[in-house]
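For reference, entry_31.txt is printed below; it contains compact mmCIF, C-alpha atoms (C1' of nucleotides).
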```
# COMPACT_ATOMS: atom_id res chain seq x y z
CA MET T 7 44.63 -30.44 -27.05
CA ALA T 8 43.90 -29.82 -23.39
CA LYS T 9 47.30 -30.81 -22.21
CA SER T 10 48.24 -27.62 -20.46
CA GLY T 11 45.72 -27.89 -17.64
CA ALA T 12 45.32 -31.09 -15.68
CA GLY T 13 47.96 -32.79 -17.73
CA GLN T 14 50.91 -31.34 -15.93
CA ILE T 15 50.29 -31.20 -12.23
CA ARG T 16 53.16 -29.47 -10.52
CA TYR T 17 53.35 -31.35 -7.24
CA THR T 18 54.20 -28.18 -5.44
CA THR T 19 55.35 -28.61 -1.90
CA TYR T 20 53.07 -26.25 -0.08
CA ARG T 21 51.83 -28.93 2.28
CA LYS T 22 52.82 -32.05 0.51
CA SER T 23 53.28 -34.24 3.53
CA ARG T 24 50.05 -33.41 5.27
CA GLN T 25 47.94 -36.53 4.88
CA ARG T 26 44.24 -35.99 4.55
CA LYS T 27 42.20 -37.44 7.36
CA ARG T 28 38.57 -38.13 6.61
CA ALA T 29 35.72 -40.06 8.12
CA ALA T 30 34.80 -41.40 4.70
CA ASP T 31 37.98 -43.38 4.28
CA VAL T 32 36.16 -46.66 3.89
CA ALA T 33 37.80 -48.00 0.77
CA GLY T 34 41.51 -47.65 1.31
CA ARG T 35 42.01 -44.30 -0.32
CA THR T 36 45.60 -43.28 -0.65
CA ALA T 37 47.02 -39.85 -0.02
CA ALA T 38 46.17 -36.83 -2.10
CA PRO T 39 47.86 -36.93 -5.51
CA ALA T 40 48.27 -33.17 -5.70
CA GLY T 41 50.25 -31.09 -3.29
CA LEU T 42 47.35 -29.16 -1.84
CA ASN T 43 45.47 -29.77 1.37
CA LEU T 44 41.88 -30.20 0.23
CA ALA T 45 40.68 -32.00 3.34
CA ALA T 46 37.95 -29.45 3.92
CA LEU T 47 36.41 -30.36 0.57
CA ASP T 48 36.62 -34.10 1.10
CA GLY T 49 33.32 -34.20 2.90
CA LEU T 50 31.49 -32.53 0.04
CA ALA T 51 29.92 -34.86 -2.50
CA GLY T 52 29.31 -31.88 -4.76
CA PHE T 53 33.05 -31.23 -4.99
CA PHE T 54 33.85 -34.82 -5.94
CA VAL T 55 30.98 -35.02 -8.38
CA ARG T 56 32.24 -31.92 -10.13
CA MET T 57 35.82 -33.13 -10.29
CA ILE T 58 34.91 -36.62 -11.43
CA GLN T 59 32.54 -35.28 -14.03
CA LEU T 60 35.27 -33.05 -15.44
CA ARG T 61 37.79 -35.89 -15.50
CA MET T 62 35.37 -38.40 -17.02
CA PHE T 63 34.17 -36.00 -19.72
CA GLN T 64 37.74 -35.13 -20.57
CA ARG T 65 38.51 -38.82 -20.95
CA PHE T 66 35.35 -39.39 -22.96
CA HIS T 67 36.27 -36.57 -25.29
CA ALA T 68 39.80 -37.90 -25.73
CA ARG T 69 38.41 -41.34 -26.53
CA PHE T 70 35.33 -40.52 -28.64
CA GLY T 71 35.85 -36.94 -29.72
CA LYS T 72 37.00 -37.89 -33.18
CA THR T 73 33.69 -39.70 -33.78
CA GLY T 74 31.79 -36.46 -33.19
CA LEU T 75 29.94 -37.96 -30.21
CA ASN T 76 29.93 -36.16 -26.90
CA PRO T 77 28.41 -37.69 -23.76
CA GLY T 78 25.13 -35.83 -24.15
CA ALA T 79 24.64 -36.86 -27.76
CA PHE T 80 25.48 -40.46 -26.94
CA CYS T 81 23.00 -40.55 -24.06
CA ALA T 82 20.32 -39.05 -26.29
CA LEU T 83 20.93 -41.69 -28.96
CA VAL T 84 20.74 -44.50 -26.41
CA ALA T 85 17.57 -43.03 -24.89
CA ILE T 86 15.94 -42.73 -28.32
CA ALA T 87 16.97 -46.29 -29.11
CA ALA T 88 15.23 -47.52 -25.96
CA ASN T 89 12.21 -45.26 -26.48
CA PRO T 90 11.45 -45.14 -30.22
CA GLY T 91 9.11 -42.31 -31.04
CA VAL T 92 9.84 -40.37 -27.87
CA ARG T 93 8.81 -36.74 -28.04
CA ALA T 94 11.62 -34.20 -28.04
CA GLY T 95 10.28 -32.51 -24.93
CA ALA T 96 10.00 -35.75 -22.97
CA LEU T 97 13.55 -36.65 -23.88
CA GLY T 98 14.75 -33.24 -22.78
CA ASP T 99 12.95 -33.57 -19.46
CA ALA T 100 14.55 -36.95 -18.84
CA LEU T 101 18.05 -35.79 -19.74
CA LEU T 102 17.78 -32.26 -18.26
CA ILE T 103 18.11 -30.60 -21.65
CA LYS T 104 16.03 -27.51 -22.18
CA ARG T 105 13.79 -27.37 -25.22
CA PRO T 106 15.79 -24.92 -27.33
CA ASN T 107 18.95 -26.89 -26.68
CA MET T 108 17.18 -30.14 -27.47
CA THR T 109 16.23 -28.68 -30.82
CA LYS T 110 19.88 -27.95 -31.54
CA LEU T 111 20.93 -31.42 -30.41
CA ALA T 112 18.24 -33.02 -32.59
CA ASP T 113 19.36 -30.81 -35.49
CA SER T 114 22.90 -32.08 -35.08
CA LEU T 115 21.90 -35.74 -34.82
CA GLU T 116 19.58 -35.38 -37.81
CA ARG T 117 22.27 -33.70 -39.89
CA GLN T 118 24.54 -36.64 -39.10
CA GLY T 119 21.81 -38.97 -40.35
CA LEU T 120 21.46 -40.70 -36.97
CA ILE T 121 17.83 -39.81 -36.16
CA ARG T 122 14.63 -38.83 -37.96
CA ARG T 123 12.05 -36.32 -36.77
CA LEU T 124 8.42 -37.22 -37.54
CA PRO T 125 5.37 -35.16 -36.61
CA SER T 126 3.16 -37.08 -34.22
CA ASP T 127 -0.22 -38.32 -35.43
CA LEU T 128 -1.92 -37.91 -32.06
CA ASP T 129 -0.65 -34.39 -31.36
CA ARG T 130 0.61 -32.62 -34.41
CA ARG T 131 2.54 -30.10 -32.36
CA SER T 132 4.83 -32.88 -31.16
CA VAL T 133 7.82 -34.35 -32.91
CA GLU T 134 8.67 -38.01 -32.49
CA LEU T 135 12.32 -39.01 -32.54
CA ARG T 136 13.48 -42.32 -34.00
CA LEU T 137 16.87 -43.72 -34.89
CA THR T 138 17.71 -44.23 -38.52
CA GLU T 139 19.39 -47.44 -39.58
CA ALA T 140 22.69 -45.58 -39.38
CA GLY T 141 21.75 -44.43 -35.88
CA ARG T 142 21.06 -47.98 -34.76
CA ALA T 143 24.35 -49.10 -36.26
CA ARG T 144 26.16 -46.27 -34.49
CA VAL T 145 24.65 -47.16 -31.13
CA ALA T 146 25.37 -50.85 -31.64
CA ALA T 147 28.97 -50.07 -32.56
CA THR T 148 29.59 -47.44 -29.88
CA MET T 149 27.86 -48.99 -26.87
CA PRO T 150 30.44 -51.72 -26.25
CA GLN T 151 33.23 -49.21 -26.67
CA VAL T 152 31.60 -46.89 -24.14
CA LEU T 153 31.15 -49.80 -21.74
CA ALA T 154 34.81 -50.68 -22.12
CA TYR T 155 35.77 -47.04 -21.58
CA GLU T 156 33.64 -46.99 -18.44
CA GLU T 157 35.35 -50.12 -17.17
CA ALA T 158 38.74 -48.51 -17.72
CA THR T 159 37.62 -45.25 -16.13
CA LEU T 160 36.37 -47.04 -13.01
CA ALA T 161 39.56 -49.07 -12.73
CA PRO T 162 40.54 -47.36 -9.44
CA LEU T 163 37.60 -49.22 -7.88
CA SER T 164 37.12 -52.94 -7.45
CA LEU T 165 34.25 -54.67 -9.21
CA HIS T 166 32.33 -54.77 -5.96
CA GLU T 167 32.96 -51.10 -5.30
CA ARG T 168 31.79 -50.17 -8.81
CA ARG T 169 28.50 -51.98 -8.25
CA ILE T 170 27.99 -50.24 -4.94
CA LEU T 171 28.86 -46.87 -6.45
CA LEU T 172 26.49 -47.32 -9.39
CA GLY T 173 23.68 -48.31 -7.05
CA LEU T 174 24.22 -45.31 -4.79
CA LEU T 175 24.53 -42.88 -7.69
CA GLY T 176 21.33 -44.24 -9.20
CA LYS T 177 19.48 -43.99 -5.92
CA LEU T 178 20.71 -40.45 -5.33
CA ASN T 179 19.80 -39.44 -8.88
CA ASP T 180 16.31 -40.90 -8.54
CA GLY T 181 15.81 -39.15 -5.22
CA LEU T 182 16.96 -35.80 -6.54
CA ALA T 183 14.80 -36.20 -9.64
CA ALA T 184 11.73 -36.97 -7.56
CA ARG T 185 12.35 -33.97 -5.33
CA THR T 186 12.95 -31.63 -8.24
CA ALA T 187 9.71 -32.82 -9.83
CA GLY T 188 7.96 -32.26 -6.53
CA ASP T 189 8.70 -28.61 -5.86
CA GLY T 190 9.17 -26.26 -8.81
CA MET G 21 13.86 -18.80 -13.21
CA ALA G 22 14.63 -22.25 -14.52
CA LYS G 23 11.14 -23.59 -14.05
CA SER G 24 10.48 -24.64 -17.62
CA GLY G 25 13.10 -27.38 -17.81
CA ALA G 26 13.36 -30.04 -15.18
CA GLY G 27 10.68 -28.44 -13.11
CA GLN G 28 7.72 -29.81 -15.00
CA ILE G 29 8.31 -33.39 -15.95
CA ARG G 30 5.53 -34.62 -18.13
CA TYR G 31 5.22 -38.22 -17.01
CA THR G 32 4.49 -39.25 -20.55
CA THR G 33 3.28 -42.79 -20.97
CA TYR G 34 5.62 -44.06 -23.61
CA ARG G 35 6.76 -46.99 -21.50
CA LYS G 36 5.72 -45.95 -18.10
CA SER G 37 5.14 -49.39 -16.62
CA ARG G 38 8.41 -50.90 -17.71
CA GLN G 39 10.41 -51.18 -14.50
CA ARG G 40 14.13 -50.81 -14.81
CA LYS G 41 16.10 -53.90 -13.94
CA ARG G 42 19.71 -53.40 -13.03
CA ALA G 43 22.47 -55.34 -11.41
CA ALA G 44 23.42 -52.33 -9.33
CA ASP G 45 20.18 -52.30 -7.38
CA VAL G 46 21.95 -52.71 -4.07
CA ALA G 47 20.31 -49.97 -2.08
CA GLY G 48 16.59 -50.28 -2.65
CA ARG G 49 16.24 -47.92 -5.56
CA THR G 50 12.68 -47.31 -6.57
CA ALA G 51 11.36 -47.14 -10.12
CA ALA G 52 12.29 -44.42 -12.55
CA PRO G 53 10.63 -41.12 -11.71
CA ALA G 54 10.30 -40.08 -15.34
CA GLY G 55 8.33 -41.94 -17.97
CA LEU G 56 11.27 -42.96 -20.10
CA ASN G 57 13.09 -46.25 -20.19
CA LEU G 58 16.67 -45.33 -19.42
CA ALA G 59 17.77 -48.80 -18.36
CA ALA G 60 20.57 -48.84 -20.93
CA LEU G 61 22.13 -45.81 -19.23
CA ASP G 62 21.80 -47.19 -15.71
CA GLY G 63 25.09 -49.03 -15.97
CA LEU G 64 26.99 -45.91 -16.90
CA ALA G 65 28.56 -43.99 -14.04
CA GLY G 66 29.27 -41.14 -16.43
CA PHE G 67 25.57 -40.67 -17.06
CA PHE G 68 24.70 -40.55 -13.36
CA VAL G 69 27.61 -38.27 -12.55
CA ARG G 70 26.45 -35.83 -15.20
CA MET G 71 22.83 -35.89 -14.07
CA ILE G 72 23.69 -35.58 -10.39
CA GLN G 73 26.14 -32.77 -11.06
CA LEU G 74 23.47 -30.85 -12.96
CA ARG G 75 20.88 -31.37 -10.22
CA MET G 76 23.29 -30.52 -7.40
CA PHE G 77 24.57 -27.37 -9.09
CA GLN G 78 21.03 -26.28 -9.80
CA ARG G 79 20.21 -26.72 -6.14
CA PHE G 80 23.41 -24.96 -5.08
CA HIS G 81 22.57 -22.02 -7.29
CA ALA G 82 19.02 -21.84 -5.97
CA ARG G 83 20.37 -21.86 -2.42
CA PHE G 84 23.51 -19.68 -2.69
CA GLY G 85 23.08 -17.82 -5.95
CA LYS G 86 21.99 -14.63 -4.22
CA THR G 87 25.26 -14.56 -2.27
CA GLY G 88 27.24 -14.44 -5.53
CA LEU G 89 29.00 -17.70 -4.70
CA ASN G 90 28.99 -20.53 -7.22
CA PRO G 91 30.40 -23.98 -6.42
CA GLY G 92 33.73 -23.24 -8.09
CA ALA G 93 34.27 -19.99 -6.25
CA PHE G 94 33.34 -21.57 -2.94
CA CYS G 95 35.77 -24.45 -3.47
CA ALA G 96 38.51 -22.01 -4.39
CA LEU G 97 37.91 -20.00 -1.21
CA VAL G 98 38.00 -23.13 0.95
CA ALA G 99 41.15 -24.34 -0.79
CA ILE G 100 42.87 -20.99 -0.27
CA ALA G 101 41.79 -21.00 3.36
CA ALA G 102 43.44 -24.38 3.87
CA ASN G 103 46.52 -23.44 1.82
CA PRO G 104 47.36 -19.81 2.57
CA GLY G 105 49.79 -18.42 0.04
CA VAL G 106 49.02 -21.05 -2.58
CA ARG G 107 50.13 -20.10 -6.06
CA ALA G 108 47.36 -19.44 -8.56
CA GLY G 109 48.67 -22.11 -10.90
CA ALA G 110 48.84 -24.77 -8.19
CA LEU G 111 45.29 -23.99 -7.16
CA GLY G 112 44.12 -24.26 -10.75
CA ASP G 113 45.86 -27.60 -11.17
CA ALA G 114 44.18 -28.93 -8.03
CA LEU G 115 40.72 -27.70 -9.02
CA LEU G 116 41.02 -28.36 -12.78
CA ILE G 117 40.81 -24.69 -13.63
CA LYS G 118 42.97 -23.50 -16.50
CA ARG G 119 45.28 -20.58 -15.90
CA PRO G 120 43.38 -17.91 -17.83
CA ASN G 121 40.16 -18.91 -16.10
CA MET G 122 41.89 -18.93 -12.74
CA THR G 123 42.96 -15.37 -13.38
CA LYS G 124 39.35 -14.39 -13.96
CA LEU G 125 38.18 -16.26 -10.87
CA ALA G 126 40.88 -14.57 -8.78
CA ASP G 127 39.86 -11.23 -10.28
CA SER G 128 36.29 -11.81 -9.20
CA LEU G 129 37.21 -12.92 -5.68
CA GLU G 130 39.60 -10.01 -5.31
CA ARG G 131 36.97 -7.52 -6.52
CA GLN G 132 34.64 -8.92 -3.86
CA GLY G 133 37.35 -8.28 -1.30
CA LEU G 134 37.59 -11.96 -0.35
CA ILE G 135 41.20 -12.65 -1.36
CA ARG G 136 44.46 -10.78 -1.88
CA ARG G 137 47.09 -11.40 -4.53
CA LEU G 138 50.69 -10.97 -3.43
CA PRO G 139 53.77 -11.46 -5.59
CA SER G 140 55.92 -14.26 -4.24
CA ASP G 141 59.28 -13.42 -2.70
CA LEU G 142 60.93 -16.64 -3.86
CA ASP G 143 59.73 -16.47 -7.46
CA ARG G 144 58.55 -13.06 -8.49
CA ARG G 145 56.63 -14.48 -11.44
CA SER G 146 54.28 -16.24 -9.04
CA VAL G 147 51.28 -14.84 -7.24
CA GLU G 148 50.33 -16.04 -3.80
CA LEU G 149 46.67 -16.12 -2.87
CA ARG G 150 45.45 -15.45 0.65
CA LEU G 151 42.06 -14.80 2.18
CA THR G 152 41.27 -11.36 3.48
CA GLU G 153 39.56 -11.01 6.80
CA ALA G 154 36.29 -10.70 4.90
CA GLY G 155 37.18 -13.85 3.00
CA ARG G 156 37.79 -15.77 6.22
CA ALA G 157 34.49 -14.51 7.58
CA ARG G 158 32.71 -15.53 4.41
CA VAL G 159 34.13 -19.04 4.53
CA ALA G 160 33.32 -19.36 8.22
CA ALA G 161 29.76 -18.21 7.62
CA THR G 162 29.16 -20.19 4.45
CA MET G 163 30.78 -23.51 5.30
CA PRO G 164 28.13 -24.68 7.77
CA GLN G 165 25.40 -23.63 5.35
CA VAL G 166 27.01 -25.60 2.56
CA LEU G 167 27.37 -28.61 4.84
CA ALA G 168 23.69 -28.36 5.74
CA TYR G 169 22.79 -28.01 2.07
CA GLU G 170 24.86 -31.11 1.34
CA GLU G 171 23.07 -33.03 4.06
CA ALA G 172 19.73 -32.05 2.56
CA THR G 173 20.89 -32.88 -0.96
CA LEU G 174 22.04 -36.34 0.09
CA ALA G 175 18.80 -37.02 1.95
CA PRO G 176 17.81 -39.82 -0.47
CA LEU G 177 20.67 -41.81 1.04
CA SER G 178 21.04 -43.08 4.58
CA LEU G 179 23.90 -41.83 6.72
CA HIS G 180 25.79 -45.05 6.12
CA GLU G 181 25.22 -44.85 2.37
CA ARG G 182 26.48 -41.26 2.32
CA ARG G 183 29.70 -42.28 3.99
CA ILE G 184 30.18 -45.14 1.54
CA LEU G 185 29.42 -42.88 -1.41
CA LEU G 186 31.84 -40.18 -0.26
CA GLY G 187 34.58 -42.74 0.21
CA LEU G 188 34.06 -44.26 -3.22
CA LEU G 189 33.87 -40.88 -4.94
CA GLY G 190 37.06 -39.79 -3.22
CA LYS G 191 38.87 -42.96 -4.17
CA LEU G 192 37.70 -42.70 -7.77
CA ASN G 193 38.69 -39.05 -7.94
CA ASP G 194 42.14 -39.79 -6.52
CA GLY G 195 42.62 -42.63 -8.98
CA LEU G 196 41.57 -40.56 -11.96
CA ALA G 197 43.78 -37.68 -10.84
CA ALA G 198 46.80 -39.97 -10.51
CA ARG G 199 46.21 -41.45 -13.94
CA THR G 200 45.72 -38.08 -15.59
CA ALA G 201 48.94 -36.89 -14.00
CA GLY G 202 50.66 -40.01 -15.27
CA ASP G 203 49.99 -39.80 -19.00
CA GLY G 204 49.74 -36.41 -20.59
C1' DT R 30 -5.43 -19.76 -23.05
C1' DA R 31 -1.84 -23.42 -22.80
C1' DT R 32 1.58 -26.36 -24.92
C1' DT R 33 5.25 -28.16 -28.55
C1' DG R 34 8.82 -27.05 -31.05
C1' DT R 35 11.49 -23.52 -33.11
C1' DT R 36 14.30 -19.27 -33.63
C1' DA R 37 17.11 -15.71 -32.03
C1' DT R 38 19.97 -14.34 -28.59
C1' DA R 39 22.60 -13.71 -24.32
C1' DC R 40 25.18 -15.46 -20.65
C1' DT R 41 28.41 -18.62 -18.39
C1' DC R 42 32.07 -21.73 -18.55
C1' DT R 43 35.89 -23.30 -20.71
C1' DA R 44 39.76 -23.50 -24.22
C1' DT R 45 43.61 -21.49 -27.19
C1' DA R 46 47.13 -18.15 -28.51
C1' DA R 47 49.97 -14.39 -27.68
C1' DC R 48 52.06 -11.22 -24.57
C1' DT R 49 55.02 -9.66 -20.04
C1' DA R 50 58.02 -10.45 -16.60
C1' DT R 51 60.62 -13.25 -14.52
C1' DA R 52 63.70 -17.46 -14.14
C1' DT L 27 64.63 -21.36 -23.50
C1' DA L 28 61.02 -22.26 -20.14
C1' DT L 29 57.59 -20.87 -16.73
C1' DA L 30 53.72 -17.87 -14.07
C1' DG L 31 50.44 -14.95 -14.77
C1' DT L 32 47.79 -12.06 -17.72
C1' DT L 33 45.05 -10.56 -21.78
C1' DA L 34 42.17 -11.15 -25.62
C1' DT L 35 39.32 -14.08 -27.93
C1' DA L 36 36.89 -18.06 -29.51
C1' DG L 37 34.16 -21.91 -28.58
C1' DA L 38 30.92 -25.05 -26.04
C1' DG L 39 27.05 -25.44 -23.18
C1' DT L 40 23.13 -23.52 -21.31
C1' DA L 41 19.73 -19.85 -20.31
C1' DT L 42 15.53 -16.63 -21.51
C1' DA L 43 12.04 -14.50 -24.61
C1' DA L 44 9.21 -14.45 -28.51
C1' DC L 45 7.01 -16.70 -32.30
C1' DA L 46 4.01 -20.19 -35.21
C1' DA L 47 1.31 -24.21 -35.18
C1' DT L 48 -1.69 -26.87 -32.64
C1' DA L 49 -4.53 -28.25 -28.77
```
Represent the structure of the file as structure tokens.
Amino acid sequence: MAKSGAGQIRYTTYRKSRQRKRAADVAGRTAAPAGLNLAALDGLAGFFVRMIQLRMFQRFHARFGKTGLNPGAFCALVAIAANPGVRAGALGDALLIKRPNMTKLADSLERQGLIRRLPSDLDRRSVELRLTEAGRARVAATMPQVLAYEEATLAPLSLHERRILLGLLGKLNDGLAARTAGDG
Amino acid sequence: MAKSGAGQIRYTTYRKSRQRKRAADVAGRTAAPAGLNLAALDGLAGFFVRMIQLRMFQRFHARFGKTGLNPGAFCALVAIAANPGVRAGALGDALLIKRPNMTKLADSLERQGLIRRLPSDLDRRSVELRLTEAGRARVAATMPQVLAYEEATLAPLSLHERRILLGLLGKLNDGLAARTAGDG
DNA sequence: TATTGTTATACTCTATAACTATA
DNA sequence: TATAGTTATAGAGTATAACAATA
């Protein structure tokens, strides 16, 4: 699989003993696991978000790849479950998926028998998305597994820290969404 | 540009008045900006990390795209600056970039005159990466701009919240890195 | 004319396999 | 035999433009 990349970190000794100092060391972080001095990147949320996203998606794929569900497809299913009859465009706006790509995602989910596409009565240009019975069953079966996977993924943090992190991520996401909607 | 996607959220009225309740509402989050009920995804850090990463990269590209620097290239430059002579493979391990892709990234940075590749004396299979003078100038000029961009991006959070978030992200990233290094 | 969804397509990022040169 | 870097290539994921149906 993807074992050749992050799987075998070399622990090179370029600067292995140089501990990273950072103002954000509020939660008892330990030293850097790799042998590089990345202190200059430690103040950048964008760097961490990218790294964590890569690591989490890799873990998600290792855990759920065989079911054919990737994170985006799972989120779409959950969003459709909570918003039956949502238009494809509205779902794409909410999940930051462009219309052509949403069409492909809906194609895939429909081919798997997880959703149905129905033309809207009010606006016959629109397509309403609904889960099939199989889709509901899939969400019901997968959701607890995803929650358990999330718990395991966030294990480096205490329960209290996870709650704080989720709250801050949600607030940041809301703020960024509002700003993006504001300008262009 | 990318105005058709997230730029024009429709504010559809599928469930617009249904406020999201969540246990993680520690920091005064306001209601959902879009018209969809995404409460079921609010407990998933993976969902937020993905959304925030997309929004931050979009902003980064809008701000620095004209300079030819993407987030990955910038991080690589900063990492090389802090670790002069780092091997290409070690840098890729630290930044989760696979070897063939690291070669392409190094090609690009070298073509731009920002780095040099020098065969190692100790192990002549290895290639040591160092910034050129132009590379050092680029990092020196770009770093404060990136820090300012980060400040603006994190504006939805208070200064205290930003520090907490950075600490938690760093701790989570370290923990995930250690675990990934542990198994395979 | 503007919008929804679709199609076709291109571009970026990432992943795999095979090759070289060293070790 | 194993490793570092490279090359070629394939695969996701994501982007733009043009089209038909509808408003």
- Message: Please find the residues of chain L near chain T - the criterion being any atom within 12 Å, counting only C-alpha atoms (C1' of nucleotides) - and write them as a PyMOL selection string.
- Response: chain L and resi 29+38-43+46-49
- Query: Which residue gives the smallest distance to chain T among G:Leu115, G:Leu89, G:Ala82, G:Ala161, with only C-alpha atoms counted?
  - Reply: G:Leu115
- Item | Atom-to-atom span, CA of Gly155 in chain G and CA of Gly133 in chain G, Å | 7.0 Å
- Task: List the neighbours of Asn90 in chain G out to 12 Å using only C-alpha atoms (C1' of nucleotides); skip same-chain residues closer than 3 positions along the sequence, and give me the result as a ChimeraX atom specification.
- Result: /T:52-53 /G:76-87,93-97,125,128-129,162,166 /R:41-42
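The residues of chain R lying at most 12 Å from chain G, with only C-alpha atoms (C1' of nucleotides) taken into account, are DT32, DT41, DC42, DT43, DA44, DT45, DA46, DT49, DA50, DT51 and DA52 of chain R.
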- Task: Give me, please, the distance in Å between CA of Arg75 in chain G and CA of Ala59 in chain G, quoted to one decimal.
- Result: 19.5 Å
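Close contacts of Arg136 in chain T, defined as residues with an atom at most 6 Å away when counting only C-alpha atoms (C1' of nucleotides), with chain neighbours fewer than 4 positions off set aside, comprise Pro90, Gly91, Ile121 and Arg122 of chain T.
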- re CA of Ala101 in chain G and CA of Glu148 in chain G: distance 12.2 Å
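Counting only C-alpha atoms and comparing T:Leu128, T:Leu171, T:Ala96, T:Leu153, the residue that lies closest to Leu61 in chain G is T:Leu153.
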Kindly extract all protein, DNA and RNA residues lying within 10 Å of the coordinates (41.5, -11.1, -26.2) given in the file, considering all atoms listed in the file, and supply them as a compact mmCIF listing (two decimals) with C-alpha atoms (C1' of nucleotides), in the coordinates of the input.
```txt
# COMPACT_ATOMS: atom_id res chain seq x y z
C1' DA R 46 47.13 -18.15 -28.51
C1' DA R 47 49.97 -14.39 -27.68
C1' DT L 33 45.05 -10.56 -21.78
C1' DA L 34 42.17 -11.15 -25.62
C1' DT L 35 39.32 -14.08 -27.93
C1' DA L 36 36.89 -18.06 -29.51
```
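Restricting the calculation to only C-alpha atoms, the smallest distance between chain T and any of G:Ser140, G:Leu134, G:Ala168, G:Ala65 is found for G:Ala65.
Comparing T:Met108, T:Val84, T:Leu165, T:Ala158 by their smallest distance to chain G, the closest is T:Val84 (using all atoms listed in the file).
Using all atoms listed in the file, the smallest distance between any of T:Leu175, T:Arg117, T:Arg185, T:Leu137 and chain G comes from T:Leu175.
Comparing G:Leu56, G:Val106, G:Ala157, G:Leu74 by their smallest distance to Pro91 in chain G, the closest is G:Leu74 (using only C-alpha atoms).
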